[in-house]
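So this block is upload.txt, compact mmCIF, C-alpha atoms:
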```
# COMPACT_ATOMS: atom_id res chain seq x y z
CA MET A 1 -28.73 15.86 -2.79
CA PHE A 2 -28.24 13.94 0.43
CA GLY A 3 -26.05 10.94 0.83
CA SER A 4 -24.08 9.51 -2.01
CA ILE A 5 -24.47 7.48 -5.17
CA ALA A 6 -22.79 4.61 -3.35
CA ALA A 7 -25.63 4.43 -0.84
CA LEU A 8 -28.14 4.59 -3.69
CA GLY A 9 -26.43 1.67 -5.39
CA ALA A 10 -26.53 -0.37 -2.21
CA GLY A 11 -30.24 0.29 -1.88
CA LEU A 12 -30.88 -0.88 -5.43
CA ALA A 13 -28.91 -4.06 -4.78
CA VAL A 14 -31.08 -4.77 -1.78
CA ILE A 15 -34.22 -4.51 -3.93
CA GLY A 16 -32.88 -7.47 -5.87
CA ALA A 17 -32.30 -9.41 -2.68
CA GLY A 18 -35.79 -8.63 -1.46
CA ILE A 19 -37.46 -9.79 -4.64
CA GLY A 20 -35.32 -12.91 -4.87
CA ILE A 21 -35.74 -14.05 -1.31
CA GLY A 22 -39.42 -13.19 -1.42
CA GLN A 23 -39.88 -15.48 -4.41
CA ILE A 24 -37.89 -18.25 -2.71
CA GLY A 25 -39.94 -17.95 0.46
CA GLY A 26 -43.22 -17.88 -1.41
CA LYS A 27 -42.46 -20.94 -3.50
CA ALA A 28 -41.17 -22.79 -0.43
CA VAL A 29 -44.34 -22.08 1.51
CA GLU A 30 -46.44 -23.21 -1.45
CA GLY A 31 -44.43 -26.40 -1.65
CA ILE A 32 -44.90 -27.10 2.04
CA ALA A 33 -48.61 -26.46 1.69
CA ARG A 34 -48.85 -29.03 -1.10
CA GLN A 35 -46.80 -31.67 0.72
CA PRO A 36 -46.35 -31.12 4.47
CA GLU A 37 -44.22 -34.28 4.87
CA ALA A 38 -41.45 -32.71 2.82
CA ALA A 39 -41.43 -29.57 4.99
CA SER A 40 -37.95 -29.97 6.48
CA LYS A 41 -36.30 -30.74 3.12
CA ILE A 42 -38.01 -27.77 1.53
CA GLN A 43 -36.97 -25.57 4.43
CA THR A 44 -33.32 -26.60 4.10
CA ALA A 45 -33.34 -25.93 0.38
CA MET A 46 -35.00 -22.57 0.98
CA ILE A 47 -32.37 -21.49 3.50
CA ILE A 48 -29.51 -22.48 1.21
CA ALA A 49 -30.99 -20.71 -1.79
CA ALA A 50 -31.70 -17.60 0.32
CA ALA A 51 -28.08 -17.47 1.49
CA LEU A 52 -26.83 -17.70 -2.09
CA VAL A 53 -29.18 -14.96 -3.34
CA GLU A 54 -28.17 -12.80 -0.41
CA GLY A 55 -24.52 -13.39 -1.31
CA ALA A 56 -25.19 -12.02 -4.76
CA ALA A 57 -26.95 -8.93 -3.39
CA LEU A 58 -24.15 -8.32 -0.92
CA PHE A 59 -21.70 -8.21 -3.84
CA GLY A 60 -23.48 -4.97 -4.74
CA VAL A 61 -23.22 -3.69 -1.19
CA VAL A 62 -19.48 -4.44 -1.09
CA VAL A 63 -18.95 -2.52 -4.31
CA SER A 64 -20.79 0.41 -2.76
CA PHE A 65 -18.34 0.26 0.17
CA LEU A 66 -15.59 0.83 -2.35
CA GLY A 67 -17.37 4.03 -3.35
CA LEU A 68 -17.36 5.34 0.21
CA LYS A 69 -14.97 8.19 0.86
CA MET B 1 -28.02 -27.53 36.80
CA TYR B 2 -25.31 -30.14 36.59
CA LYS B 3 -22.27 -29.05 34.63
CA SER B 4 -19.82 -31.75 33.80
CA SER B 5 -16.42 -31.32 35.35
CA ILE B 6 -14.80 -31.47 31.92
CA LEU B 7 -16.78 -28.40 30.82
CA LYS B 8 -16.05 -26.57 34.09
CA SER B 9 -12.32 -27.16 33.85
CA LYS B 10 -12.41 -26.10 30.19
CA ILE B 11 -14.07 -22.83 31.15
CA PHE B 12 -11.38 -22.17 33.75
CA THR B 13 -8.68 -23.06 31.28
CA LEU B 14 -10.19 -20.63 28.81
CA LEU B 15 -10.32 -17.90 31.46
CA ARG B 16 -6.69 -18.54 32.30
CA ILE B 17 -5.79 -18.31 28.64
CA CYS B 18 -7.70 -15.00 28.32
CA ALA B 19 -5.73 -13.66 31.26
CA VAL B 20 -2.45 -14.83 29.76
CA PHE B 21 -3.30 -13.12 26.47
CA LEU B 22 -4.11 -9.90 28.27
CA THR B 23 -0.77 -9.87 30.05
CA LEU B 24 1.31 -11.07 27.10
CA THR B 25 -0.06 -8.57 24.65
CA ALA B 26 0.46 -5.72 27.10
CA PHE B 27 4.15 -6.04 26.28
CA SER B 28 5.18 -4.79 29.73
CA ILE B 29 3.26 -1.54 29.34
CA PRO B 30 0.14 -1.67 31.54
CA ALA B 31 -3.28 -0.54 30.30
CA PHE B 32 -3.81 3.17 30.65
CA SER B 33 -6.73 5.50 30.13
CA GLN B 34 -7.01 7.34 26.88
CA GLU B 35 -5.88 10.90 27.23
CA GLU B 36 -8.32 13.67 26.52
CA HIS B 37 -7.95 14.79 22.96
CA ALA B 38 -7.76 18.42 22.03
CA GLU B 39 -11.15 18.17 20.33
CA HIS B 40 -12.85 17.08 23.51
CA ALA B 41 -11.25 19.91 25.46
CA GLU B 42 -12.77 22.47 23.14
CA GLY B 43 -16.25 21.63 24.28
CA ALA B 44 -18.70 18.78 23.97
CA GLU B 45 -20.13 20.05 20.68
CA LYS B 46 -18.11 17.84 18.34
CA LYS B 47 -20.68 16.45 15.91
CA PHE B 48 -21.22 12.72 16.10
CA GLU B 49 -20.12 11.18 12.83
CA PRO B 50 -21.83 7.76 12.64
CA SER B 51 -19.96 6.55 9.57
CA GLU B 52 -16.62 7.31 11.20
CA VAL B 53 -17.50 5.50 14.41
CA ILE B 54 -18.93 2.51 12.56
CA LEU B 55 -15.96 2.14 10.25
CA GLU B 56 -13.64 2.39 13.23
CA HIS B 57 -15.43 -0.49 14.93
CA ILE B 58 -15.44 -2.63 11.79
CA ALA B 59 -11.81 -2.10 10.95
CA ASP B 60 -8.81 -3.64 12.60
CA SER B 61 -6.94 -1.63 15.21
CA HIS B 62 -3.63 -1.61 16.99
CA SER B 63 -5.12 -1.65 20.46
CA LEU B 64 -7.63 -3.76 22.34
CA HIS B 65 -10.51 -1.64 23.58
CA LEU B 66 -11.45 -3.06 26.96
CA TRP B 67 -14.09 -0.81 28.48
CA GLY B 68 -14.94 2.90 28.49
CA GLU B 69 -11.78 4.80 27.73
CA THR B 70 -9.39 2.02 28.65
CA SER B 71 -7.58 0.27 25.91
CA LEU B 72 -4.69 -2.11 25.82
CA PRO B 73 -1.99 -1.16 23.30
CA LEU B 74 -0.80 -4.02 21.13
CA PRO B 75 2.70 -4.56 19.75
CA VAL B 76 3.49 -3.12 16.34
CA VAL B 77 5.75 -5.44 14.40
CA LEU B 78 7.23 -3.95 11.25
CA TYR B 79 9.45 -5.70 8.80
CA THR B 80 11.50 -2.99 7.13
CA ASP B 81 14.14 -3.54 4.51
CA LYS B 82 16.71 -2.73 7.20
CA GLY B 83 15.41 -5.18 9.77
CA LEU B 84 12.64 -6.05 12.17
CA GLU B 85 11.12 -3.34 14.36
CA VAL B 86 8.94 -4.10 17.36
CA PHE B 87 7.40 -1.51 19.64
CA SER B 88 4.20 -0.85 21.49
CA SER B 89 1.43 0.98 19.70
CA ALA B 90 1.08 3.19 22.77
CA HIS B 91 3.85 5.31 21.30
CA PHE B 92 1.51 6.38 18.52
CA GLU B 93 -0.95 7.83 21.06
CA HIS B 94 -3.89 6.93 18.82
CA GLY B 95 -2.40 8.60 15.79
CA HIS B 96 -1.26 11.84 17.38
CA ALA B 97 2.45 11.18 17.68
CA ASP B 98 5.23 9.92 15.47
CA TYR B 99 7.55 7.25 16.68
CA THR B 100 11.19 7.14 15.75
CA GLY B 101 12.35 3.56 15.76
CA LYS B 102 15.70 2.01 15.06
CA TYR B 103 15.49 2.53 11.34
CA TYR B 104 12.73 4.95 10.36
CA THR B 105 10.16 7.31 11.78
CA TYR B 106 6.61 5.97 11.76
CA ARG B 107 3.25 7.65 11.83
CA LEU B 108 -0.23 6.18 12.10
CA ILE B 109 -2.43 7.53 9.33
CA ASN B 110 -5.97 6.12 9.03
CA ASP B 111 -4.84 3.32 11.32
CA LYS B 112 -2.09 2.28 8.89
CA VAL B 113 1.58 2.58 9.70
CA ASN B 114 3.45 4.87 7.33
CA ILE B 115 7.11 5.80 7.10
CA VAL B 116 7.70 9.52 7.44
CA GLY B 117 10.61 10.56 5.31
CA GLU B 118 12.40 13.90 4.99
CA ASN B 119 10.16 16.86 4.09
CA ASN B 120 7.32 15.02 5.81
CA THR B 121 6.70 12.69 2.89
CA VAL B 122 4.92 9.51 3.83
CA ALA B 123 5.10 6.03 2.34
CA GLU B 124 2.39 3.56 3.23
CA SER B 125 3.08 0.06 4.45
CA SER B 126 2.39 -2.76 2.01
CA SER B 127 -1.12 -3.86 1.40
CA ILE B 128 -2.76 -6.25 -1.04
CA ILE B 129 -3.15 -3.38 -3.49
CA LYS B 130 0.29 -1.84 -3.23
CA TRP B 131 3.62 -3.37 -2.35
CA ASN B 132 6.08 -1.24 -0.43
CA SER B 133 9.46 -2.92 -0.19
CA ASN B 134 10.48 -0.71 2.72
CA LEU B 135 7.72 -1.60 5.08
CA THR B 136 5.57 -4.65 5.73
CA ASP B 137 3.19 -4.42 8.63
CA LEU B 138 3.09 -7.69 10.57
CA SER B 139 1.65 -6.20 13.76
CA ILE B 140 -0.24 -8.11 16.36
CA THR B 141 -3.50 -6.29 15.88
CA ARG B 142 -6.90 -6.82 17.48
CA ASN B 143 -7.90 -9.32 14.81
CA VAL B 144 -4.75 -11.38 15.38
CA VAL B 145 -5.35 -11.54 19.12
CA SER B 146 -8.98 -12.48 18.54
CA MET B 147 -7.95 -15.20 16.12
CA TRP B 148 -5.44 -16.65 18.58
CA MET B 149 -8.12 -16.72 21.25
CA SER B 150 -10.62 -18.44 18.98
CA ILE B 151 -7.95 -20.94 17.92
CA ALA B 152 -7.23 -21.68 21.59
CA PHE B 153 -10.96 -22.05 22.20
CA LEU B 154 -11.36 -24.46 19.30
CA LEU B 155 -8.33 -26.52 20.31
CA ILE B 156 -9.60 -26.80 23.88
CA ILE B 157 -13.03 -27.93 22.77
CA PHE B 158 -11.89 -30.44 20.22
CA PHE B 159 -8.99 -31.91 22.14
CA SER B 160 -11.25 -32.43 25.11
CA VAL B 161 -13.89 -34.06 22.92
CA SER B 162 -11.37 -36.37 21.28
CA SER B 163 -9.78 -37.35 24.57
CA ALA B 164 -13.24 -38.00 25.98
CA TYR B 165 -13.86 -40.39 23.11
CA LYS B 166 -10.63 -42.22 23.86
CA LYS B 167 -11.36 -42.50 27.55
CA ARG B 168 -14.94 -43.58 27.05
CA GLN B 169 -14.42 -46.20 24.37
CA GLY B 170 -17.65 -47.99 23.66
CA LYS B 171 -19.68 -45.95 26.13
CA ALA B 172 -22.35 -43.37 25.32
CA PRO B 173 -21.09 -39.81 24.85
CA LYS B 174 -21.41 -37.47 27.81
CA GLY B 175 -21.24 -33.71 28.33
CA LEU B 176 -19.39 -31.67 25.71
CA GLN B 177 -19.02 -34.77 23.55
CA SER B 178 -22.76 -35.14 23.16
CA PHE B 179 -22.99 -31.50 22.11
CA ILE B 180 -20.27 -31.67 19.48
CA GLU B 181 -21.09 -35.11 18.11
CA PRO B 182 -24.31 -34.17 16.27
CA LEU B 183 -22.54 -31.19 14.70
CA ILE B 184 -19.70 -33.33 13.40
CA LEU B 185 -22.14 -35.95 12.13
CA PHE B 186 -24.11 -33.16 10.46
CA VAL B 187 -21.02 -32.03 8.58
CA ARG B 188 -20.24 -35.61 7.63
CA ASP B 189 -23.70 -36.79 6.60
CA ASP B 190 -25.25 -33.65 5.16
CA ILE B 191 -22.28 -31.78 3.76
CA ALA B 192 -19.39 -34.14 3.04
CA ARG B 193 -20.95 -37.44 1.96
CA PRO B 194 -23.65 -36.21 -0.43
CA ASN B 195 -21.30 -33.81 -2.20
CA ILE B 196 -17.95 -35.57 -2.22
CA GLY B 197 -18.99 -39.19 -2.53
CA TYR B 198 -17.23 -42.20 -1.14
CA LYS B 199 -13.83 -40.51 -0.80
CA TYR B 200 -15.18 -38.02 1.72
CA GLN B 201 -12.96 -39.16 4.61
CA ARG B 202 -9.90 -37.40 3.21
CA TYR B 203 -11.59 -34.04 3.25
CA MET B 204 -13.38 -34.25 6.57
CA PRO B 205 -10.59 -32.48 8.55
CA LEU B 206 -10.67 -29.54 6.17
CA LEU B 207 -14.46 -29.27 6.16
CA LEU B 208 -14.74 -29.59 9.92
CA THR B 209 -12.02 -27.00 10.50
CA VAL B 210 -13.55 -24.51 8.09
CA PHE B 211 -17.04 -25.01 9.50
CA PHE B 212 -16.15 -24.58 13.16
CA PHE B 213 -13.55 -21.87 12.59
CA ILE B 214 -15.99 -19.68 10.69
CA TRP B 215 -18.86 -20.36 13.07
CA ILE B 216 -16.89 -19.68 16.24
CA ASN B 217 -15.33 -16.53 14.83
CA ASN B 218 -18.70 -15.23 13.66
CA LEU B 219 -20.13 -15.81 17.13
CA ILE B 220 -17.19 -14.21 18.90
CA GLY B 221 -17.54 -11.16 16.66
CA LEU B 222 -21.12 -10.69 17.86
CA VAL B 223 -20.09 -10.22 21.48
CA PRO B 224 -19.59 -6.50 22.07
CA PHE B 225 -17.14 -6.57 24.97
CA PHE B 226 -13.69 -7.82 25.65
CA PRO B 227 -13.03 -11.35 24.42
CA GLY B 228 -15.30 -10.65 21.47
CA GLY B 229 -15.82 -7.49 19.53
CA ALA B 230 -13.13 -8.04 16.92
CA ASN B 231 -14.64 -8.30 13.49
CA LEU B 232 -12.50 -11.22 12.35
CA THR B 233 -14.51 -12.98 9.66
CA GLY B 234 -15.59 -9.57 8.44
CA ASN B 235 -11.99 -8.84 7.56
CA ILE B 236 -11.48 -9.47 3.90
CA ALA B 237 -7.93 -10.69 4.41
CA VAL B 238 -9.15 -13.55 6.61
CA THR B 239 -11.88 -14.61 4.19
CA LEU B 240 -9.36 -14.27 1.36
CA VAL B 241 -7.12 -16.82 3.03
CA LEU B 242 -10.02 -19.21 3.62
CA SER B 243 -11.06 -19.02 -0.01
CA VAL B 244 -7.47 -19.41 -1.23
CA ILE B 245 -7.31 -22.61 0.82
CA THR B 246 -10.43 -23.80 -0.99
CA LEU B 247 -8.92 -22.82 -4.34
CA ILE B 248 -5.72 -24.73 -3.62
CA VAL B 249 -7.45 -27.86 -2.29
CA VAL B 250 -9.91 -28.02 -5.17
CA ASN B 251 -7.34 -27.56 -7.89
CA LEU B 252 -4.63 -29.76 -6.40
CA ASN B 253 -7.13 -32.58 -6.06
CA GLY B 254 -8.64 -32.20 -9.50
CA ASN B 255 -8.47 -35.43 -11.36
CA LYS B 256 -7.83 -36.02 -15.04
CA HIS B 257 -11.46 -35.55 -16.01
CA TYR B 258 -11.66 -32.21 -14.20
CA TRP B 259 -8.68 -30.78 -16.05
CA LYS B 260 -9.69 -32.40 -19.32
CA HIS B 261 -13.07 -30.71 -19.09
CA ILE B 262 -11.35 -27.38 -18.62
CA PHE B 263 -8.63 -27.57 -21.25
CA ILE B 264 -9.82 -30.13 -23.81
CA PRO B 265 -13.61 -30.04 -23.67
CA ALA B 266 -15.47 -32.71 -25.55
CA ASP B 267 -18.10 -31.82 -28.17
CA VAL B 268 -16.87 -28.23 -28.46
CA PRO B 269 -15.52 -26.94 -31.81
CA VAL B 270 -11.80 -26.22 -31.75
CA TRP B 271 -12.13 -22.56 -32.68
CA ILE B 272 -14.10 -21.93 -29.51
CA TRP B 273 -11.38 -23.38 -27.30
CA PRO B 274 -9.57 -20.10 -26.49
CA LEU B 275 -12.85 -18.53 -25.38
CA TRP B 276 -13.63 -21.69 -23.42
CA TRP B 277 -10.28 -21.51 -21.62
CA VAL B 278 -10.89 -17.90 -20.64
CA ILE B 279 -14.35 -18.69 -19.34
CA GLU B 280 -13.25 -21.76 -17.42
CA LEU B 281 -10.22 -20.05 -15.89
CA VAL B 282 -12.36 -17.14 -14.80
CA GLY B 283 -14.76 -19.69 -13.35
CA ILE B 284 -11.98 -21.34 -11.34
CA ILE B 285 -11.08 -18.00 -9.78
CA SER B 286 -14.55 -16.58 -9.40
CA ARG B 287 -16.01 -19.41 -7.34
CA PRO B 288 -13.65 -18.99 -4.34
CA PHE B 289 -13.86 -15.23 -4.89
CA ALA B 290 -17.61 -15.42 -4.39
CA LEU B 291 -17.04 -17.46 -1.22
CA MET B 292 -14.76 -14.75 0.10
CA ILE B 293 -17.10 -11.88 -0.70
CA ARG B 294 -20.19 -13.66 0.57
CA LEU B 295 -18.76 -14.34 4.03
CA PHE B 296 -17.11 -10.92 4.34
CA ALA B 297 -20.18 -8.99 3.22
CA ASN B 298 -22.67 -10.92 5.33
CA ILE B 299 -20.74 -10.57 8.55
CA THR B 300 -19.68 -6.97 7.99
CA ALA B 301 -23.20 -5.95 6.96
CA GLY B 302 -24.57 -7.48 10.14
CA HIS B 303 -22.11 -5.56 12.30
CA ILE B 304 -22.79 -2.34 10.45
CA ILE B 305 -26.54 -2.70 10.96
CA VAL B 306 -26.14 -3.26 14.70
CA LEU B 307 -23.72 -0.36 15.04
CA SER B 308 -25.97 1.95 13.00
CA LEU B 309 -28.97 1.16 15.15
CA ILE B 310 -26.98 1.95 18.29
CA SER B 311 -25.59 5.16 16.81
CA LEU B 312 -29.19 6.27 16.15
CA ILE B 313 -29.29 6.99 19.88
CA PHE B 314 -26.37 9.37 19.52
CA VAL B 315 -27.56 10.94 16.30
CA PHE B 316 -30.90 11.84 17.87
CA LYS B 317 -29.18 12.80 21.12
CA SER B 318 -32.01 11.47 23.24
CA VAL B 319 -32.35 8.52 25.57
CA GLY B 320 -35.95 8.04 24.41
CA ILE B 321 -34.70 6.38 21.26
CA ALA B 322 -32.84 3.81 23.35
CA PRO B 323 -35.65 1.27 24.02
CA VAL B 324 -36.64 1.18 20.35
CA SER B 325 -33.06 1.01 19.24
CA VAL B 326 -32.11 -1.72 21.68
CA ALA B 327 -35.16 -3.77 20.74
CA PHE B 328 -34.19 -3.60 17.09
CA VAL B 329 -30.61 -4.44 17.98
CA VAL B 330 -31.70 -7.51 19.92
CA PHE B 331 -33.77 -8.64 16.95
CA MET B 332 -30.87 -8.07 14.56
CA ASP B 333 -28.51 -9.92 16.87
CA VAL B 334 -30.77 -12.96 16.92
CA LEU B 335 -30.83 -12.80 13.12
CA GLU B 336 -27.06 -12.50 13.20
CA LEU B 337 -26.86 -15.71 15.21
CA LEU B 338 -28.69 -17.43 12.37
CA VAL B 339 -26.44 -15.76 9.81
CA ALA B 340 -23.33 -16.83 11.73
CA ALA B 341 -24.27 -20.50 11.55
CA LEU B 342 -25.71 -20.23 8.05
CA GLN B 343 -22.62 -18.59 6.54
CA ALA B 344 -20.39 -21.23 8.08
CA PHE B 345 -22.67 -23.91 6.66
CA ILE B 346 -22.79 -22.32 3.20
CA PHE B 347 -19.03 -21.88 3.04
CA THR B 348 -18.46 -25.50 4.03
CA LEU B 349 -21.19 -26.75 1.70
CA LEU B 350 -19.80 -24.89 -1.29
CA THR B 351 -16.26 -26.04 -0.51
CA ALA B 352 -17.51 -29.63 -0.38
CA LEU B 353 -19.39 -29.07 -3.65
CA PHE B 354 -16.31 -27.73 -5.42
CA ILE B 355 -14.18 -30.59 -4.11
CA GLY B 356 -16.85 -33.00 -5.29
CA THR B 357 -16.84 -31.61 -8.80
CA ALA B 358 -13.05 -31.82 -8.88
CA ILE B 359 -12.77 -35.46 -7.87
CA GLU B 360 -15.88 -36.70 -9.62
CA GLU B 361 -15.45 -39.88 -11.59
CA HIS B 362 -16.27 -39.78 -15.25
CA HIS B 363 -19.60 -41.27 -16.08
CA HIS B 364 -21.44 -40.55 -19.29
```
Translate the structure described by the file into structure tokens.
Amino acid sequence: MFGSIAALGAGLAVIGAGIGIGQIGGKAVEGIARQPEAASKIQTAMIIAAALVEGAALFGVVVSFLGLK
Amino acid sequence: MYKSSILKSKIFTLLRICAVFLTLTAFSIPAFSQEEHAEHAEGAEKKFEPSEVILEHIADSHSLHLWGETSLPLPVVLYTDKGLEVFSSAHFEHGHADYTGKYYTYRLINDKVNIVGENNTVAESSSIIKWNSNLTDLSITRNVVSMWMSIAFLLIIFFSVSSAYKKRQGKAPKGLQSFIEPLILFVRDDIARPNIGYKYQRYMPLLLTVFFFIWINNLIGLVPFFPGGANLTGNIAVTLVLSVITLIVVNLNGNKHYWKHIFIPADVPVWIWPLWWVIELVGIISRPFALMIRLFANITAGHIIVLSLISLIFVFKSVGIAPVSVAFVVFMDVLELLVAALQAFIFTLLTALFIGTAIEEHHH
């Protein structure tokens, strides 16, 4: 088996980030489509939420660093 | 293009300060070329280990790598139980030689200073995980030098902006002032005021410092050559200190309602209180902990991605990969610019949010 379990764990954590940020982006775009005047507020909220979701996913990546030899 | 004279003189001052740092940290030993290691002499077939190279670039080091094979050795400052030891890291010869100082013999293992005792036993210097009373490593490493340079940079920028405001009382801002002013107003109007409320003035210095410190250090870390290239905000010790500052400020400024909510919650049955205390105390610690991990992981992950893409060229051993690799790296670096600003903003925003919840007035 190539690589290590740590790398596998990091990959799984990134799946979570992908799904989460994808949802955030999708809902934000839908919101902008419904109400273009609110575009900049929606964009700001989207960026903040994306950073927080990414923070959670990177927790997983950090733990996988601990598993590195 | 017209450059204001304030900005020009600041650039020269910064260049002078860079030069002073270079000479000071050389500690009277001039920069020298790295000697050929035994491995290289055996033939150029040493396999390229990407993870080793990447981790070496991410981690702190006792010498400033300037260009090619030239590096500037930095002073090693050790506080032993017998006294203070200061010497140049050149004596370690990149981990190949021991150095016998006034009190002990030292060896560099995995870039950490260890004491070599009799029978070749080694004792590591203290770290967050393990305390060694014999040896505390207080060296001036690459991260320390980078932090001093970014501090000097920040002080130059902000002192010049504040003195420009004093000189130009009542006039429109000009030059560097007009660049910094929207940023400061952004922190005040979009981060401090909505989250902290009417008492925001007290916390503005902290929020501004945190915001610009993190942003500038993230940006400096993105630059691959000399004044940059030190992964400062990707060092967990630095982010630990920033989050401890948040922890201290939030809890020292907590008002009666904040502490009452934690220790004597209303509308909660008494038998749940012990569980409530555990949960709330864990919550107090875990929020700054998340701040620390978020900043560290984002910045370090960005650097690792860029370094991995570049090491692809060496793994495939062909120059043909280079255009693809460099294109990806440029794209990732632009994304990293966004991440640099965004992480600074998120850290500041969450700090303001936590302060706001601590000083919130009671209204039911």
| query | Using all atoms listed in the file, which residues sit within 9 Å of B:Ala192 once same-chain residues fewer than 3 positions away are excluded, as a ChimeraX atom specification? | reply | /B:186-189,195-197,200-201,203-204,207,348-349,352-353,356
List every protein, DNA or RNA residue that has an atom no more than 8 Å from (-19.0, -26.0, 12.8) in the file's coordinate frame, counting all atoms listed in the file, and report them as a PDB file with C-alpha atoms, in the coordinates of the input.
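Output (out-v3.pdb):
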```pdb
ATOM      1  CA  LEU B 183     -22.540 -31.190  14.700  1.00  0.00           C
ATOM      2  CA  ILE B 184     -19.700 -33.330  13.400  1.00  0.00           C
ATOM      3  CA  VAL B 187     -21.020 -32.030   8.580  1.00  0.00           C
ATOM      4  CA  LEU B 208     -14.740 -29.590   9.920  1.00  0.00           C
ATOM      5  CA  THR B 209     -12.020 -27.000  10.500  1.00  0.00           C
ATOM      6  CA  VAL B 210     -13.550 -24.510   8.090  1.00  0.00           C
ATOM      7  CA  PHE B 211     -17.040 -25.010   9.500  1.00  0.00           C
ATOM      8  CA  PHE B 212     -16.150 -24.580  13.160  1.00  0.00           C
ATOM      9  CA  PHE B 213     -13.550 -21.870  12.590  1.00  0.00           C
ATOM     10  CA  ILE B 214     -15.990 -19.680  10.690  1.00  0.00           C
ATOM     11  CA  TRP B 215     -18.860 -20.360  13.070  1.00  0.00           C
ATOM     12  CA  ILE B 216     -16.890 -19.680  16.240  1.00  0.00           C
ATOM     13  CA  ALA B 341     -24.270 -20.500  11.550  1.00  0.00           C
ATOM     14  CA  ALA B 344     -20.390 -21.230   8.080  1.00  0.00           C
ATOM     15  CA  PHE B 345     -22.670 -23.910   6.660  1.00  0.00           C
TER      16      PHE B 345
END
```
| query | Do you know which residues are at most 10 Å from A:Val61 counting only C-alpha atoms, after dropping those on the same chain fewer than 5 positions away, and could you put them as a PyMOL selection string? | reply | (chain A and resi 6-14+55-56+66-67) or (chain B and resi 297-298+301)
| What residues in chain B lie within 12 Å of chain A, counting all atoms listed in the file, written as a PyMOL selection string? | chain B and resi 51-52+55+190+234+236+289-302+304+338-350
| Selection near stretch 115-124 of chain B, 7 Å with all atoms listed in the file, sequence-local residues under 3 positions removed, as a PyMOL selection string | chain B and resi 104-107
